[in-house]
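Reading through the structure tokens given below for one structure.
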Amino acid sequence: MADEKNALIIGASRGLGLGLVQRLQEDGWNITATVRNPLQPGALKDVPDVHIEQLEMNDTAQLDALQQRLKGQVFDLVFVNAGVMGPLPQDLERVQNSDISDLFMTNAVAPIRVARRFVGQVRKDSGVLAFMSSILGSVTIPDGGEICLYKASKAALNSMINSFVVEQQRPDLCVLAMHPGWVKTAMGGENAEIDVPTSTRGMLEQIKAQSGNGGLRFINYKGEPLIW
Ligand SMILES: NC(=O)c1ccc[n+]([C@@H]2O[C@H](COP(=O)([O-])OP(=O)(O)OC[C@H]3O[C@@H](n4cnc5c(N)ncnc54)[C@H](OP(=O)(O)O)[C@@H]3O)[C@@H](O)[C@H]2O)c1
């Protein structure tokens with residue numbers, strides 16, 4: 001059908017990525033979703049008609065292979081959702097250097113490597129490229145000192161998104177750095193403010209509202225603009 005829409009969701013085994021897939025499926029989208037271990041797709045296997053692909057974001061060979069497999073497809077939405085909290089507690093005197101390296105690689109560098117490989121397949125004029133950022137990535141927010149490395153990794157992601165958008169020279173491209181809210185997932189914890197359906201429905205409404213509106217914006221799941 002002419003108005004069928006295609007989405008590529010990176011990191012969909014659980015949490016917000018899985019929620020995005022569930023909402024898009026409810027809305028009738030064609031969905032390609034990545035997981036690190038396709039033999040254990042978790043609840044993703046219960047979502048009908050999802051095309052599951054393997055991707056460990058930090059493995060460039062896997063990134064290149066996925067790019068080859070998805071060659072020629074056009075996406076109305078590419079959402080780079082995957083991310084990690086990093087080592088806990090985030091005591092700078094005790095954390096391992098390799099854990100800090102993994103955190104920044106996963107949260108700030110790998111998402112841009114993904115975006116570089118798929119930006120050419122985002123539908124011209126109406127497609128949206130979204131990254132899962134966090135309000136903690138705003139350097140002006142005083143909260144979150146106890147997870148200062150995670151906070152810095154999301155600030156780094158925001159900076160990398162900015163450089164990526166400048167590099168692309170594509171004014172038609174809608175790029176969103178999104179804050180999902182504080183959400184009840186393995187990462188957000190059970191004391192978080194909102195559930196996955198509320199967050200993911202909200203983000204998809206904002207994506208719909210922003211489609212066709214070229215440029216880079218940092219917004220939350222309610223569409224409120226955030227300070228970089
Ligand atoms: N929950 C919140 O309150 C909140 C707030 C702000 C921002 N965020 C951001 O939202 C995103 C999703 O978080 P969540 O709360 O849904 O966390 P989650 O439940 O811990 O899920 C994280 C997802 O990322 C995947 N992932 C992690 N490292 C990866 C890698 N190297 N390559 C590929 N996939 C990888 C995980 O796959 P596996 O199952 O294989 O581990 C999992 O699917 C993250 O970027 C997070 O920083 C969350």
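Here's how to read the names in the structure tokens: chain A, B, ... by the order shown, residue numbers from 1 in each chain, ligand numbers from 1 in the order shown.
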- Grab me every residue within 6 Å of ligand 1, counting only C-alpha atoms and all ligand atoms, and send it over as a PyMOL selection string. chain A and resi 11-17+35-36+55-58+81-84+106+132-134+179-188
- Every residue of range 9-96 of chain A that DSSP places in strand (DSSP E), as a PyMOL selection string: chain A and resi 9-10+30-35+50-54+77-80
Output the selection as a short mmCIF file (atom, residue, chain, number, x, y, z; two decimals), in the first residue's frame - N, CA and C atoms for each residue.
data_model
loop_
_atom_site.label_atom_id
_atom_site.label_comp_id
_atom_site.auth_asym_id
_atom_site.auth_seq_id
_atom_site.Cartn_x
_atom_site.Cartn_y
_atom_site.Cartn_z
N ILE A 9 14.39 0.03 14.03
CA ILE A 9 14.59 0.32 15.46
C ILE A 9 15.84 -0.43 15.93
N ILE A 10 16.80 0.33 16.41
CA ILE A 10 18.07 -0.25 16.86
C ILE A 10 18.03 -0.47 18.37
N ASN A 30 5.59 -1.38 8.95
CA ASN A 30 6.54 -2.47 8.68
C ASN A 30 7.78 -2.20 9.53
N ILE A 31 8.19 -3.19 10.30
CA ILE A 31 9.26 -2.92 11.27
C ILE A 31 10.43 -3.87 11.11
N THR A 32 11.62 -3.28 11.04
CA THR A 32 12.86 -4.05 11.18
C THR A 32 13.44 -3.64 12.53
N ALA A 33 13.75 -4.64 13.36
CA ALA A 33 14.22 -4.34 14.72
C ALA A 33 15.49 -5.14 14.97
N THR A 34 16.47 -4.50 15.62
CA THR A 34 17.71 -5.22 15.89
C THR A 34 17.82 -5.65 17.36
N VAL A 35 18.48 -6.79 17.53
CA VAL A 35 18.81 -7.30 18.87
C VAL A 35 20.24 -7.80 18.82
N VAL A 50 7.43 -8.77 12.77
CA VAL A 50 8.62 -7.92 12.89
C VAL A 50 9.80 -8.65 12.26
N HIS A 51 10.53 -7.95 11.44
CA HIS A 51 11.73 -8.52 10.85
C HIS A 51 12.89 -8.28 11.83
N ILE A 52 13.44 -9.36 12.39
CA ILE A 52 14.48 -9.21 13.41
C ILE A 52 15.86 -9.40 12.78
N GLU A 53 16.74 -8.44 13.06
CA GLU A 53 18.12 -8.50 12.59
C GLU A 53 19.07 -8.46 13.78
N GLN A 54 20.28 -8.95 13.57
CA GLN A 54 21.29 -8.94 14.62
C GLN A 54 22.15 -7.69 14.53
N LEU A 77 11.28 6.02 9.48
CA LEU A 77 11.85 6.29 10.80
C LEU A 77 13.03 5.36 11.04
N VAL A 78 14.17 5.96 11.39
CA VAL A 78 15.29 5.19 11.94
C VAL A 78 15.48 5.70 13.36
N PHE A 79 15.33 4.81 14.33
CA PHE A 79 15.44 5.23 15.74
C PHE A 79 16.59 4.46 16.39
N VAL A 80 17.66 5.19 16.73
CA VAL A 80 18.81 4.57 17.39
C VAL A 80 18.57 4.69 18.89
#
- Task: Give the helix (DSSP H, G or I) residues of range 36-221 of chain A, as assigned by DSSP on the backbone, as an MDAnalysis selection string.
- Result: chainID A and resid 42:46 60:69 97:121 135:137 145:168 196:210
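The coordinates place CA of Val122 in chain A at 14.6 Å from CA of Leu216 in chain A.
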- Across A:Asp64, A:Gln90, A:Gly144, A:Ala156, the smallest distance to Met105 in chain A, with only C-alpha atoms counted, is shown by A:Ala156
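If only C-alpha atoms are the atoms counted, then among A:Cys148, A:Val175, A:Leu63, A:Ile219 the closest residue to Leu129 in chain A is A:Val175.
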- Given the choices A:Gln67, A:Asp46, A:Arg23, A:Asp76, which gets closest to Glu4 in chain A if the distance is worked out from only C-alpha atoms?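 So, comparing all the options, the nearest one is A:Asp76.
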- Message: Could you list, as a VMD selection string, every residue within 9 Å of Arg217 in chain A, counting only C-alpha atoms and ignoring same-chain residues fewer than 5 positions away?
- Response: chain A and resid 174 to 178 225 to 226
- Residues within 12 Å of Gly215 in chain A, only C-alpha atoms, excluding chain neighbours under 6 positions, as an MDAnalysis selection string: chainID A and resid 125:130 161:162 164:166 168:177
- Spatial neighbours of Gly223 in chain A, max dist 8 Å, only C-alpha atoms, sep filter under 3 positions, as a VMD selection string: chain A and resid 203 206 219 to 220
- Item | Of the listed residues A:Val47, A:Ala110, A:Ile227, A:Leu103, that which approaches Pro87 in chain A most closely, counting only C-alpha atoms | A:Leu103
- Two-atom distance - CA of Arg201 in chain A, CA of Asn158 in chain A (Å):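 Pair CA of Arg201 in chain A / CA of Asn158 in chain A returns 22.6 Å.
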